[in-house]
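All remarks here apply to the structure that follows.
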Amino acid sequence: LVVISPNDPRAMVQYVRECRELGLPYVYDPSQQIIRLTAGELREGIEGAQVLIVNEYEFGMIENKTGLSLEQAAELAGTVIITRGERGSLIVSGREYHDIPAVRPRTVLDPTGVGDGYRAGILKGMLHGYPWPTAGRLGSLVAAYVLEQYGTQNHFFTLPELVERFRREFGH
């Protein structure tokens with residue numbers, strides 16, 4: 001699974017083409033480069049992606065630039081994930097909509113890297129074959145851990161701690 005994240009726009013376009021040529025599934029996360037990618041380049045990146053993942057603001061930019069609605073983007077990509085801050089996230093896969101709740105952090109120290117933490121949880125869930133509601137909740141939980149610490153790489157938890165907190169937040 002290849003993750004195509006914000007990078008030089010020419011490189012991002014090339015990565016999409018290479019993934020297609022090699023038959024590699026990819027997650028498309030254009031975020032900060034949406035402004036620099038053309039509508040056609042964005043559409044090409046979305047089409048064929050296993051997952052498009054962006055925040056609400058970024059999806060609005062994609063809609064304005066490409067004219068694609070959420071439903072159309074979900075038809076082009078296998079799944080669209082839109083993060084919504086404290087309101088959690090929305091995962092649209094095929095015709096299924098999953099409203100994923102945010103995990104209330106114990107404390108809010110630093111929002112830097114929260115989106116990356118969410119994506120890490122999503123990717124872990126995908127790699128384990130979890131259904132979207134579970135993968136999304138895992139992403140929300142990892143995002144909360146990131147919010148609770150200063151810095152982008154200072155959060156830490158053990159698997160038993162993660163499982164216990166997941167069950168406390170979401171049930172079994």
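Naming works like this for the structure tokens: A, B, ... for the chains as they're shown, residue 1 at the start of each chain, ligands 1 onward in shown order.
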
Point to revise | Shell around stretch 38-51 of chain A at 10 Å using only C-alpha atoms, local window under 4 positions removed, as a PyMOL selection string | key: chain A and resi 1-4+9-10+12-17+19-20+24-30+33-34+62-68+72-81+91-93

Exercise for review: Mind listing the strand (DSSP E) residues of chain A, per DSSP on the backbone, as a ChimeraX atom specification?
Suggested key: /A:2-4,26-28,51-55,79-83,89-93,96-100

Go ahead and save the picked residues with N, CA and C atoms, as a short mmCIF file (atom, residue, chain, number, x, y, z; two decimals), in the first residue's frame.
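Written output follows (selection26.cif):
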```cif
data_model
loop_
_atom_site.label_atom_id
_atom_site.label_comp_id
_atom_site.auth_asym_id
_atom_site.auth_seq_id
_atom_site.Cartn_x
_atom_site.Cartn_y
_atom_site.Cartn_z
N VAL A 2 0.75 2.06 -1.01
CA VAL A 2 1.54 3.28 -1.14
C VAL A 2 0.73 4.45 -0.60
N VAL A 3 1.37 5.32 0.16
CA VAL A 3 0.72 6.54 0.62
C VAL A 3 1.33 7.70 -0.16
N ILE A 4 0.50 8.37 -0.94
CA ILE A 4 0.95 9.54 -1.69
C ILE A 4 0.49 10.76 -0.91
N TYR A 26 -3.05 2.56 -3.65
CA TYR A 26 -2.51 3.74 -2.98
C TYR A 26 -3.58 4.53 -2.25
N VAL A 27 -3.10 5.22 -1.22
CA VAL A 27 -3.90 6.18 -0.46
C VAL A 27 -3.47 7.55 -0.96
N TYR A 28 -4.43 8.37 -1.35
CA TYR A 28 -4.13 9.68 -1.91
C TYR A 28 -4.47 10.76 -0.89
N VAL A 51 -8.00 4.90 -1.36
CA VAL A 51 -8.58 5.83 -0.39
C VAL A 51 -8.13 7.25 -0.72
N LEU A 52 -9.06 8.19 -0.69
CA LEU A 52 -8.76 9.62 -0.69
C LEU A 52 -8.99 10.06 0.74
N ILE A 53 -7.99 10.71 1.35
CA ILE A 53 -8.15 11.17 2.73
C ILE A 53 -7.74 12.63 2.81
N VAL A 54 -8.67 13.46 3.30
CA VAL A 54 -8.48 14.90 3.42
C VAL A 54 -9.31 15.41 4.59
N ASN A 55 -9.07 16.67 4.97
CA ASN A 55 -9.95 17.27 5.97
C ASN A 55 -11.09 18.00 5.26
N THR A 79 -12.71 4.66 -1.54
CA THR A 79 -13.21 5.20 -0.28
C THR A 79 -12.75 6.64 -0.14
N VAL A 80 -13.61 7.48 0.42
CA VAL A 80 -13.25 8.86 0.75
C VAL A 80 -13.37 9.02 2.26
N ILE A 81 -12.30 9.55 2.86
CA ILE A 81 -12.31 9.82 4.30
C ILE A 81 -12.11 11.31 4.48
N ILE A 82 -13.04 11.93 5.21
CA ILE A 82 -12.97 13.37 5.50
C ILE A 82 -12.91 13.55 7.00
N THR A 83 -11.80 14.11 7.48
CA THR A 83 -11.69 14.38 8.91
C THR A 83 -12.38 15.71 9.22
N SER A 89 -14.96 12.06 12.00
CA SER A 89 -14.68 11.92 10.57
C SER A 89 -15.84 11.23 9.88
N LEU A 90 -15.82 11.33 8.56
CA LEU A 90 -16.82 10.68 7.73
C LEU A 90 -16.07 9.77 6.78
N ILE A 91 -16.48 8.53 6.71
CA ILE A 91 -15.90 7.58 5.77
C ILE A 91 -17.01 7.14 4.82
N VAL A 92 -16.78 7.38 3.53
CA VAL A 92 -17.73 6.99 2.50
C VAL A 92 -17.06 5.93 1.64
N SER A 93 -17.61 4.74 1.68
CA SER A 93 -17.06 3.63 0.91
C SER A 93 -18.19 3.00 0.11
N GLU A 96 -21.88 3.20 1.32
CA GLU A 96 -21.95 3.18 2.78
C GLU A 96 -21.32 4.43 3.37
N TYR A 97 -22.02 5.04 4.32
CA TYR A 97 -21.53 6.22 5.04
C TYR A 97 -21.32 5.83 6.49
N HIS A 98 -20.12 6.12 6.99
CA HIS A 98 -19.80 5.82 8.38
C HIS A 98 -19.40 7.11 9.07
N ASP A 99 -20.20 7.51 10.05
CA ASP A 99 -19.90 8.70 10.84
C ASP A 99 -19.07 8.24 12.04
N ILE A 100 -17.82 8.64 12.07
CA ILE A 100 -16.90 8.17 13.10
C ILE A 100 -16.75 9.26 14.18
#
```

Exercise for review: Please give the complete set of residues from stretch 33-172 of chain A that DSSP, run on the backbone, assigns to alpha helix (DSSP H), formatted as a PyMOL selection string.
Suggested key: chain A and resi 39-46+56-66+70-76+114-127+132-147+159-170

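Of the residues under consideration (A:Glu169, A:Glu56, A:Glu71, A:Glu18), A:Glu169 shows the shortest atom-to-atom contact distance to A:Arg104 when counting only C-alpha atoms.
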
Study note, to complete from the structure: Restricting to only C-alpha atoms, whichever of A:Met61, A:Ala11, A:Leu37, A:Val108 is closest to A:Gln149 is A:Val108

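Residues in contact with A:Leu109 at 8 Å, where only C-alpha atoms are counted and same-chain residues fewer than 4 positions away are skipped, are listed as Leu147, Glu148, Gln149 and Tyr150 of chain A.
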
Those same residues - C-alpha atoms - I'd like them written as a PDB file, in the first residue's frame.
```pdb
ATOM      1  CA  LEU A 147      -3.326  15.767  20.945  1.00  0.00           C
ATOM      2  CA  GLU A 148      -2.395  14.831  24.502  1.00  0.00           C
ATOM      3  CA  GLN A 149       1.360  15.346  24.028  1.00  0.00           C
ATOM      4  CA  TYR A 150       3.653  18.157  22.903  1.00  0.00           C
TER       5      TYR A 150
END
```
